[in-house]
>>> print(open('final_1.csv').read())   # CSV, C-alpha atoms
chain,number,residue,atom,x,y,z
A,1,MET,CA,0.0,0.0,0.0
A,2,THR,CA,3.0,2.3,-0.3
A,3,ASP,CA,1.5,3.8,-3.4
A,4,ARG,CA,-0.6,5.9,-1.1
A,5,TYR,CA,2.3,7.6,0.6
A,6,LEU,CA,5.9,8.9,0.0
A,7,ILE,CA,8.1,8.7,3.1
A,8,GLY,CA,11.4,10.5,3.7
A,9,ASN,CA,13.6,10.7,6.8
A,10,ALA,CA,16.9,12.2,7.9
A,11,GLN,CA,18.7,12.8,11.2
A,12,THR,CA,21.9,14.2,12.8
A,13,ILE,CA,23.4,13.4,16.2
A,14,GLY,CA,24.3,17.1,16.6
A,15,SER,CA,26.7,17.7,19.5
A,16,ARG,CA,25.4,14.7,21.4
A,17,GLU,CA,27.5,11.6,22.1
A,18,ILE,CA,24.5,9.2,21.7
A,19,GLN,CA,21.7,9.4,19.1
A,20,ASN,CA,18.6,9.1,21.2
A,21,ASN,CA,16.1,9.9,18.4
A,22,VAL,CA,14.5,6.7,17.1
A,23,PHE,CA,11.9,6.6,14.4
A,24,SER,CA,10.0,4.0,12.3
A,25,THR,CA,7.1,3.6,9.9
A,26,ALA,CA,4.9,0.5,9.6
A,27,PHE,CA,1.8,-0.7,7.7
A,28,ASN,CA,-0.9,-3.0,9.1
A,29,ASP,CA,-2.9,-5.5,7.1
A,30,THR,CA,-5.4,-3.0,5.9
A,31,GLY,CA,-2.9,-0.5,4.6
A,32,ASP,CA,-3.0,2.0,7.5
A,33,LEU,CA,0.4,3.7,8.1
A,34,LEU,CA,1.9,4.5,11.5
A,35,ALA,CA,4.8,6.9,11.7
A,36,ILE,CA,6.5,7.2,15.0
A,37,LEU,CA,9.3,9.2,16.6
A,38,ALA,CA,10.7,8.7,20.1
A,39,ASP,CA,13.3,10.9,21.8
A,40,GLY,CA,15.0,9.7,24.9
A,41,THR,CA,16.0,13.3,25.6
A,42,ILE,CA,19.1,12.7,27.7
A,43,ASP,CA,22.6,12.2,26.3
A,44,HIS,CA,23.0,8.8,27.9
A,45,PRO,CA,22.6,5.1,26.8
A,46,ASN,CA,19.3,4.9,28.8
A,47,GLY,CA,17.8,7.5,26.6
A,48,ARG,CA,18.4,5.4,23.5
A,49,ILE,CA,17.2,2.3,25.2
A,50,ALA,CA,14.0,4.0,26.2
A,51,ALA,CA,13.4,5.3,22.7
A,52,LEU,CA,14.1,1.9,21.1
A,53,ILE,CA,11.7,0.1,23.5
A,54,ALA,CA,9.0,2.7,23.0
A,55,VAL,CA,9.2,2.5,19.2
A,56,GLY,CA,9.2,-1.3,19.2
A,57,CYS,CA,6.3,-1.5,21.6
A,58,CYS,CA,4.2,0.9,19.6
A,59,VAL,CA,4.9,-0.7,16.2
A,60,ASN,CA,4.2,-4.2,17.5
A,61,THR,CA,0.9,-3.1,19.1
A,62,PHE,CA,-0.1,-1.3,15.9
A,63,ILE,CA,0.5,-4.2,13.6
A,64,GLN,CA,-1.3,-6.6,16.0
A,65,LYS,CA,-4.4,-4.6,16.9
A,66,SER,CA,-5.0,-1.4,15.0
A,67,SER,CA,-6.9,-3.0,12.0
A,68,SER,CA,-9.7,-4.0,14.3
A,69,VAL,CA,-10.0,-0.6,16.0
A,70,GLU,CA,-12.8,1.6,14.8
A,71,SER,CA,-12.0,5.2,13.7
A,72,ARG,CA,-13.9,6.7,16.6
A,73,GLU,CA,-11.8,4.6,19.0
A,74,THR,CA,-8.4,5.5,17.5
A,75,SER,CA,-7.5,8.3,19.9
A,76,GLN,CA,-8.0,5.9,22.9
A,77,PHE,CA,-6.0,3.2,21.1
A,78,LEU,CA,-3.1,5.6,20.6
A,79,LEU,CA,-3.2,6.7,24.3
A,80,ASP,CA,-3.4,3.1,25.5
A,81,THR,CA,-0.4,2.2,23.2
A,82,ALA,CA,1.6,5.1,24.6
A,83,LEU,CA,0.9,4.1,28.2
A,84,LYS,CA,1.9,0.5,27.4
A,85,ALA,CA,5.2,1.8,25.9
A,86,ASN,CA,5.8,3.9,29.0
A,87,ARG,CA,5.3,0.9,31.3
A,88,SER,CA,7.7,-1.1,29.1
A,89,VAL,CA,10.3,1.6,29.4
A,90,GLN,CA,9.9,1.9,33.2
A,91,ASP,CA,10.2,-1.9,33.6
A,92,ALA,CA,13.5,-1.9,31.5
A,93,VAL,CA,15.1,1.3,32.6
A,94,TYR,CA,15.0,1.3,36.4
A,95,VAL,CA,18.5,2.2,37.5
A,96,GLY,CA,20.8,5.1,36.5
A,97,LYS,CA,19.7,8.1,34.7
A,98,GLY,CA,16.0,8.1,33.9
A,99,PRO,CA,15.1,9.5,30.4
A,100,ARG,CA,12.1,11.7,29.9
A,101,LEU,CA,10.6,10.2,26.8
A,102,SER,CA,9.1,12.4,24.0
A,103,LEU,CA,6.8,10.2,21.9
A,104,THR,CA,4.8,11.0,18.7
A,105,MET,CA,2.6,8.7,16.7
A,106,ALA,CA,0.9,9.7,13.5
A,107,LEU,CA,-1.7,7.2,12.2
A,108,PHE,CA,-2.8,7.6,8.6
A,109,ARG,CA,-6.2,5.9,8.1
A,110,GLY,CA,-8.0,6.7,4.8
A,111,LYS,CA,-8.7,10.4,4.7
A,112,GLU,CA,-7.9,10.9,8.4
A,113,LEU,CA,-4.7,11.6,10.3
A,114,HIS,CA,-4.8,10.6,14.0
A,115,CYS,CA,-2.0,12.1,15.9
A,116,PHE,CA,-0.7,11.5,19.5
A,117,SER,CA,2.2,13.4,20.9
A,118,VAL,CA,3.6,14.0,24.4
A,119,GLY,CA,6.8,15.8,25.1
A,120,LEU,CA,9.0,17.9,22.9
A,121,ASN,CA,8.5,16.5,19.4
A,122,LYS,CA,6.5,18.7,17.0
A,123,THR,CA,4.1,17.6,14.2
A,124,PHE,CA,2.8,19.8,11.4
A,125,LEU,CA,0.6,19.5,8.3
A,126,TYR,CA,1.4,21.3,5.1
A,127,ASN,CA,-1.7,21.7,3.0
A,128,GLY,CA,-0.2,23.1,-0.1
A,129,HIS,CA,-0.2,26.7,1.1
A,130,ASN,CA,0.6,26.9,4.8
A,131,GLU,CA,2.2,24.9,7.6
A,132,LYS,CA,-0.3,24.1,10.4
A,133,ALA,CA,1.0,22.9,13.8
A,134,LEU,CA,-0.8,20.0,15.3
A,135,GLY,CA,-1.0,20.4,19.0
A,136,ALA,CA,0.2,23.1,21.4
A,137,ASP,CA,3.4,25.0,20.4
A,138,ALA,CA,4.8,24.6,23.9
A,139,LYS,CA,7.4,22.6,25.8
A,140,ASN,CA,6.2,19.2,27.1
A,141,SER,CA,2.9,19.5,25.3
A,142,PHE,CA,0.3,16.8,24.9
A,143,PHE,CA,-2.0,16.3,21.9
A,144,ASN,CA,-4.3,13.5,21.0
A,145,GLY,CA,-6.6,14.4,18.1
A,146,LYS,CA,-7.3,14.0,14.4
A,147,CYS,CA,-7.6,16.1,11.2
A,148,ASP,CA,-8.6,15.5,7.6
A,149,LEU,CA,-6.1,14.6,4.9
A,150,SER,CA,-6.1,15.6,1.3
A,151,ARG,CA,-4.0,14.5,-1.7
A,152,LYS,CA,-0.6,16.2,-1.7
A,153,ASN,CA,-0.7,17.1,2.0
A,154,THR,CA,2.6,16.6,3.7
A,155,VAL,CA,2.9,15.7,7.4
A,156,GLY,CA,6.1,16.4,9.2
A,157,ILE,CA,7.2,14.9,12.5
A,158,LEU,CA,10.3,16.7,13.9
A,159,SER,CA,12.3,16.2,17.1
A,160,ALA,CA,12.9,19.3,19.2
A,161,GLY,CA,16.4,19.7,17.9
A,162,ALA,CA,15.0,19.9,14.3
A,163,TYR,CA,11.9,22.0,14.9
A,164,ALA,CA,13.6,24.8,16.9
A,165,GLN,CA,16.4,25.3,14.4
A,166,ALA,CA,14.6,25.0,11.0
A,167,HIS,CA,12.4,28.1,10.5
A,168,PRO,CA,8.9,27.4,9.2
A,169,MET,CA,9.7,29.4,6.0
A,170,GLU,CA,12.7,27.2,5.4
A,171,ARG,CA,10.6,24.1,5.8
A,172,ILE,CA,7.9,25.4,3.4
A,173,ARG,CA,10.5,26.3,0.7
A,174,ILE,CA,12.0,22.8,1.0
A,175,ILE,CA,8.6,21.1,0.9
A,176,GLU,CA,7.5,23.1,-2.1
A,177,SER,CA,10.7,22.3,-4.0
A,178,ASP,CA,11.0,19.7,-6.8
A,179,ARG,CA,13.1,17.4,-4.7
A,180,ASP,CA,11.9,13.9,-3.8
A,181,ILE,CA,10.6,13.3,-0.3
A,182,PHE,CA,13.8,11.8,1.0
A,183,GLU,CA,15.9,14.7,-0.3
A,184,LYS,CA,13.4,17.1,1.4
A,185,ALA,CA,13.9,15.5,4.8
A,186,GLN,CA,17.7,15.6,4.2
A,187,ALA,CA,17.4,19.3,3.3
A,188,ILE,CA,15.6,20.1,6.6
A,189,ILE,CA,18.4,18.4,8.6
A,190,GLU,CA,21.0,20.1,6.5
A,191,SER,CA,19.4,23.5,7.3
A,192,VAL,CA,19.8,22.6,11.0
A,193,SER,CA,23.4,21.5,10.7
A,194,ASN,CA,24.3,24.6,8.7
A,195,LYS,CA,23.5,26.7,11.7
A,196,ARG,CA,26.7,25.2,13.3
A,197,LEU,CA,25.5,25.7,16.8
A,198,ALA,CA,28.0,24.9,19.6
A,199,VAL,CA,25.3,22.9,21.4
A,200,GLN,CA,22.9,21.2,19.0
A,201,LEU,CA,20.4,18.6,20.1
A,202,SER,CA,20.0,15.4,18.0
A,203,ALA,CA,17.7,16.3,15.1
A,204,THR,CA,15.3,14.1,13.2
A,205,ALA,CA,12.9,14.9,10.4
A,206,LEU,CA,10.2,12.4,9.3
A,207,LEU,CA,8.1,13.4,6.3
A,208,ILE,CA,5.0,11.7,4.8
A,209,GLU,CA,3.3,12.9,1.6
A,210,VAL,CA,-0.2,11.7,0.9
A,211,LEU,CA,-0.5,10.7,-2.8
A,212,LYS,CA,-4.2,9.8,-2.8
>>> encode(input="final_1.csv", output="structure tokens")
Amino acid sequence: MTDRYLIGNAQTIGSREIQNNVFSTAFNDTGDLLAILADGTIDHPNGRIAALIAVGCCVNTFIQKSSSVESRETSQFLLDTALKANRSVQDAVYVGKGPRLSLTMALFRGKELHCFSVGLNKTFLYNGHNEKALGADAKNSFFNGKCDLSRKNTVGILSAGAYAQAHPMERIRIIESDRDIFEKAQAIIESVSNKRLAVQLSATALLIEVLK
């Protein structure tokens, strides 16, 4: 079912020693798409462990159960999945530095986008003219809602290190360019790296374009 979507991604470790941004995309048996980004936030192995566990838990739950979940129940499904992932992280990471996990899931189901996000990651929808933020534009925000999708919409999921350093107008110019979706994600991360900040968080960009 990948003929319905184009997917691109890119990331940089920035000035961190450990890359704690982990992302994935997966399809279920009915062609729904889940895009997920987890950020362990701390520059420590536990941060990466937490992000890996969270992504693995969410993807496995999505593949096993989401096709039987009604559209009206999707928000609760995403919340329950996030809580399950959090319990898995707590069970595994119980000593040493405790990561504060930022977790975003974007579930593409037909003409609907269901989005769950908690923490520092940011999600936006480009509708062909403007970039619309999904959720509160604040630190440690929480969002669990849905919006309509149209052909040629582009959804972007960015870690805090990518969102803060790539200006919205930079992102719009990149998305409107003739580059393919992978090159667009690369260009967003290049715009972050080109700032050459002394302290740069790990930065990840995950882009999904809706084809039909």
>>> atom_distance(input="final_1.csv", atom1="CA of Val59 in chain A", atom2="CA of Val118 in chain A")
16.9 Å
>>> residues_around(input="final_1.csv", residues="Thr30 in chain A", least_positions_apart="3", cutoff="10 Å", atoms="all atoms listed in the file", output="PyMOL selection string")
chain A and resi 1+27+33+63+66-68+109
>>> closest_atom_pairs(input="final_1.csv", of="range 13-92 of chain A", to="range 144-158 of chain A", cutoff="9 Å", atoms="all atoms listed in the file", output="CSV")
residue,atom,partner,partner_atom,distance
A:Ala35,CA,A:Ile157,CA,8.4
A:Ile36,CA,A:Ile157,CA,8.1
A:Leu37,CA,A:Ile157,CA,7.3
A:Ser75,CA,A:Asn144,CA,6.2
A:Gln76,CA,A:Asn144,CA,8.7
A:Leu78,CA,A:Asn144,CA,8.0
A:Leu79,CA,A:Asn144,CA,7.6
>>> atom_distance(input="final_1.csv", atom1="CA of Val22 in chain A", atom2="CA of Asp178 in chain A")
27.4 Å
>>> closest_residue(input="final_1.csv", among="A:Glu190, A:Asp32, A:Asp80, A:Asp39", to="Glu112 in chain A", atoms="only C-alpha atoms")
A:Asp32
>>> closest_residue(input="final_1.csv", among="A:Gln200, A:Gln90, A:Asn60, A:Thr74", to="Leu113 in chain A", atoms="only C-alpha atoms")
A:Thr74
>>> residues_near_point(input="final_1.csv", point="(6.1, 9.1, 17.7)", cutoff="8 Å", atoms="all atoms listed in the file", output="number ranges by chain")
A: 23, 35-38, 55, 102-106, 116-117, 121, 157
>>> atom_distance(input="final_1.csv", atom1="CA of Ala166 in chain A", atom2="CA of Ile189 in chain A")
8.0 Å
>>> closest_residue(input="final_1.csv", among="A:Ile208, A:Leu120, A:Cys58, A:Ser15", to="Ser193 in chain A", atoms="all atoms listed in the file")
A:Ser15
>>> residues_around(input="final_1.csv", residues="Ala92 in chain A", least_positions_apart="5", cutoff="9 Å", atoms="all atoms listed in the file", output="PDB file with C-alpha atoms, in the frame of the given file")
ATOM      1  CA  ILE A  49      17.200   2.300  25.200  1.00  0.00           C
ATOM      2  CA  ALA A  50      14.000   4.000  26.200  1.00  0.00           C
ATOM      3  CA  ILE A  53      11.700   0.100  23.500  1.00  0.00           C
ATOM      4  CA  ARG A  87       5.300   0.900  31.300  1.00  0.00           C
TER       5      ARG A  87
END
>>> closest_residue(input="final_1.csv", among="A:Phe124, A:Phe77, A:Tyr163, A:Phe62", to="Ser24 in chain A", atoms="all atoms listed in the file")
A:Phe62
>>> residues_around(input="final_1.csv", residues="range 40-44 of chain A", least_positions_apart="5", cutoff="6 Å", atoms="all atoms listed in the file", output="list in words")
Ile18, Asn20, Ala50, Ala51, Pro99 and Leu101 of chain A
>>> write_last_selection(input="final_1.csv", atoms="C-alpha atoms", output="CSV table (one decimal), keeping the file's coordinate frame")
chain,number,residue,atom,x,y,z
A,18,ILE,CA,24.5,9.2,21.7
A,20,ASN,CA,18.6,9.1,21.2
A,50,ALA,CA,14.0,4.0,26.2
A,51,ALA,CA,13.4,5.3,22.7
A,99,PRO,CA,15.1,9.5,30.4
A,101,LEU,CA,10.6,10.2,26.8
>>> closest_residue(input="final_1.csv", among="A:Asn130, A:Asn86, A:Gln19, A:Thr25", to="Leu207 in chain A", atoms="all atoms listed in the file")
A:Thr25
>>> build_atoms(input="final_1.csv", residues="range 35-62 of chain A", atoms="N, CA and C atoms", output="PDB file, in the coordinates of the input")
ATOM      1  N   ALA A  35       3.496   6.316  11.591  1.00  0.00           N
ATOM      2  CA  ALA A  35       4.800   6.900  11.700  1.00  0.00           C
ATOM      3  C   ALA A  35       5.064   7.312  13.102  1.00  0.00           C
ATOM      4  N   ILE A  36       6.241   6.991  13.609  1.00  0.00           N
ATOM      5  CA  ILE A  36       6.500   7.200  15.000  1.00  0.00           C
ATOM      6  C   ILE A  36       7.903   7.725  15.251  1.00  0.00           C
ATOM      7  N   LEU A  37       8.011   8.645  16.208  1.00  0.00           N
ATOM      8  CA  LEU A  37       9.300   9.200  16.600  1.00  0.00           C
ATOM      9  C   LEU A  37       9.347   9.251  18.128  1.00  0.00           C
ATOM     10  N   ALA A  38      10.418   8.686  18.686  1.00  0.00           N
ATOM     11  CA  ALA A  38      10.700   8.700  20.100  1.00  0.00           C
ATOM     12  C   ALA A  38      12.011   9.374  20.377  1.00  0.00           C
ATOM     13  N   ASP A  39      12.053  10.216  21.396  1.00  0.00           N
ATOM     14  CA  ASP A  39      13.300  10.900  21.800  1.00  0.00           C
ATOM     15  C   ASP A  39      13.522  10.656  23.256  1.00  0.00           C
ATOM     16  N   GLY A  40      14.638   9.974  23.565  1.00  0.00           N
ATOM     17  CA  GLY A  40      15.000   9.700  24.900  1.00  0.00           C
ATOM     18  C   GLY A  40      15.481  10.887  25.718  1.00  0.00           C
ATOM     19  N   THR A  41      15.659  12.006  25.055  1.00  0.00           N
ATOM     20  CA  THR A  41      16.000  13.300  25.600  1.00  0.00           C
ATOM     21  C   THR A  41      17.346  13.486  26.231  1.00  0.00           C
ATOM     22  N   ILE A  42      17.847  12.501  26.974  1.00  0.00           N
ATOM     23  CA  ILE A  42      19.100  12.700  27.700  1.00  0.00           C
ATOM     24  C   ILE A  42      20.265  12.075  26.836  1.00  0.00           C
ATOM     25  N   ASP A  43      21.439  12.657  26.980  1.00  0.00           N
ATOM     26  CA  ASP A  43      22.600  12.200  26.300  1.00  0.00           C
ATOM     27  C   ASP A  43      23.270  11.054  27.075  1.00  0.00           C
ATOM     28  N   HIS A  44      22.608   9.906  27.078  1.00  0.00           N
ATOM     29  CA  HIS A  44      23.000   8.800  27.900  1.00  0.00           C
ATOM     30  C   HIS A  44      22.424   7.510  27.288  1.00  0.00           C
ATOM     31  N   PRO A  45      23.089   6.350  27.456  1.00  0.00           N
ATOM     32  CA  PRO A  45      22.600   5.100  26.800  1.00  0.00           C
ATOM     33  C   PRO A  45      21.117   4.818  27.222  1.00  0.00           C
ATOM     34  N   ASN A  46      20.710   5.172  28.434  1.00  0.00           N
ATOM     35  CA  ASN A  46      19.300   4.900  28.800  1.00  0.00           C
ATOM     36  C   ASN A  46      18.319   5.649  27.963  1.00  0.00           C
ATOM     37  N   GLY A  47      18.713   6.806  27.460  1.00  0.00           N
ATOM     38  CA  GLY A  47      17.800   7.500  26.600  1.00  0.00           C
ATOM     39  C   GLY A  47      17.558   6.785  25.296  1.00  0.00           C
ATOM     40  N   ARG A  48      18.590   6.218  24.708  1.00  0.00           N
ATOM     41  CA  ARG A  48      18.400   5.400  23.500  1.00  0.00           C
ATOM     42  C   ARG A  48      17.647   4.146  23.753  1.00  0.00           C
ATOM     43  N   ILE A  49      17.957   3.500  24.875  1.00  0.00           N
ATOM     44  CA  ILE A  49      17.200   2.300  25.200  1.00  0.00           C
ATOM     45  C   ILE A  49      15.746   2.565  25.352  1.00  0.00           C
ATOM     46  N   ALA A  50      15.400   3.653  26.030  1.00  0.00           N
ATOM     47  CA  ALA A  50      14.000   4.000  26.200  1.00  0.00           C
ATOM     48  C   ALA A  50      13.314   4.258  24.864  1.00  0.00           C
ATOM     49  N   ALA A  51      13.983   4.983  23.978  1.00  0.00           N
ATOM     50  CA  ALA A  51      13.400   5.300  22.700  1.00  0.00           C
ATOM     51  C   ALA A  51      13.209   4.019  21.842  1.00  0.00           C
ATOM     52  N   LEU A  52      14.186   3.134  21.864  1.00  0.00           N
ATOM     53  CA  LEU A  52      14.100   1.900  21.100  1.00  0.00           C
ATOM     54  C   LEU A  52      12.937   1.016  21.634  1.00  0.00           C
ATOM     55  N   ILE A  53      12.816   0.914  22.951  1.00  0.00           N
ATOM     56  CA  ILE A  53      11.700   0.100  23.500  1.00  0.00           C
ATOM     57  C   ILE A  53      10.382   0.711  23.174  1.00  0.00           C
ATOM     58  N   ALA A  54      10.253   2.021  23.283  1.00  0.00           N
ATOM     59  CA  ALA A  54       9.000   2.700  23.000  1.00  0.00           C
ATOM     60  C   ALA A  54       8.554   2.467  21.553  1.00  0.00           C
ATOM     61  N   VAL A  55       9.476   2.674  20.620  1.00  0.00           N
ATOM     62  CA  VAL A  55       9.200   2.500  19.200  1.00  0.00           C
ATOM     63  C   VAL A  55       8.771   1.061  18.905  1.00  0.00           C
ATOM     64  N   GLY A  56       9.536   0.113  19.423  1.00  0.00           N
ATOM     65  CA  GLY A  56       9.200  -1.300  19.200  1.00  0.00           C
ATOM     66  C   GLY A  56       7.882  -1.698  19.737  1.00  0.00           C
ATOM     67  N   CYS A  57       7.561  -1.217  20.930  1.00  0.00           N
ATOM     68  CA  CYS A  57       6.300  -1.500  21.600  1.00  0.00           C
ATOM     69  C   CYS A  57       5.125  -0.961  20.748  1.00  0.00           C
ATOM     70  N   CYS A  58       5.245   0.288  20.316  1.00  0.00           N
ATOM     71  CA  CYS A  58       4.200   0.900  19.600  1.00  0.00           C
ATOM     72  C   CYS A  58       3.950   0.280  18.214  1.00  0.00           C
ATOM     73  N   VAL A  59       5.029  -0.033  17.515  1.00  0.00           N
ATOM     74  CA  VAL A  59       4.900  -0.700  16.200  1.00  0.00           C
ATOM     75  C   VAL A  59       4.264  -2.048  16.324  1.00  0.00           C
ATOM     76  N   ASN A  60       4.715  -2.841  17.289  1.00  0.00           N
ATOM     77  CA  ASN A  60       4.200  -4.200  17.500  1.00  0.00           C
ATOM     78  C   ASN A  60       2.680  -4.146  17.812  1.00  0.00           C
ATOM     79  N   THR A  61       2.295  -3.224  18.690  1.00  0.00           N
ATOM     80  CA  THR A  61       0.900  -3.100  19.100  1.00  0.00           C
ATOM     81  C   THR A  61       0.042  -2.666  17.882  1.00  0.00           C
ATOM     82  N   PHE A  62       0.564  -1.737  17.096  1.00  0.00           N
ATOM     83  CA  PHE A  62      -0.100  -1.300  15.900  1.00  0.00           C
ATOM     84  C   PHE A  62      -0.388  -2.391  14.912  1.00  0.00           C
TER      85      PHE A  62
END
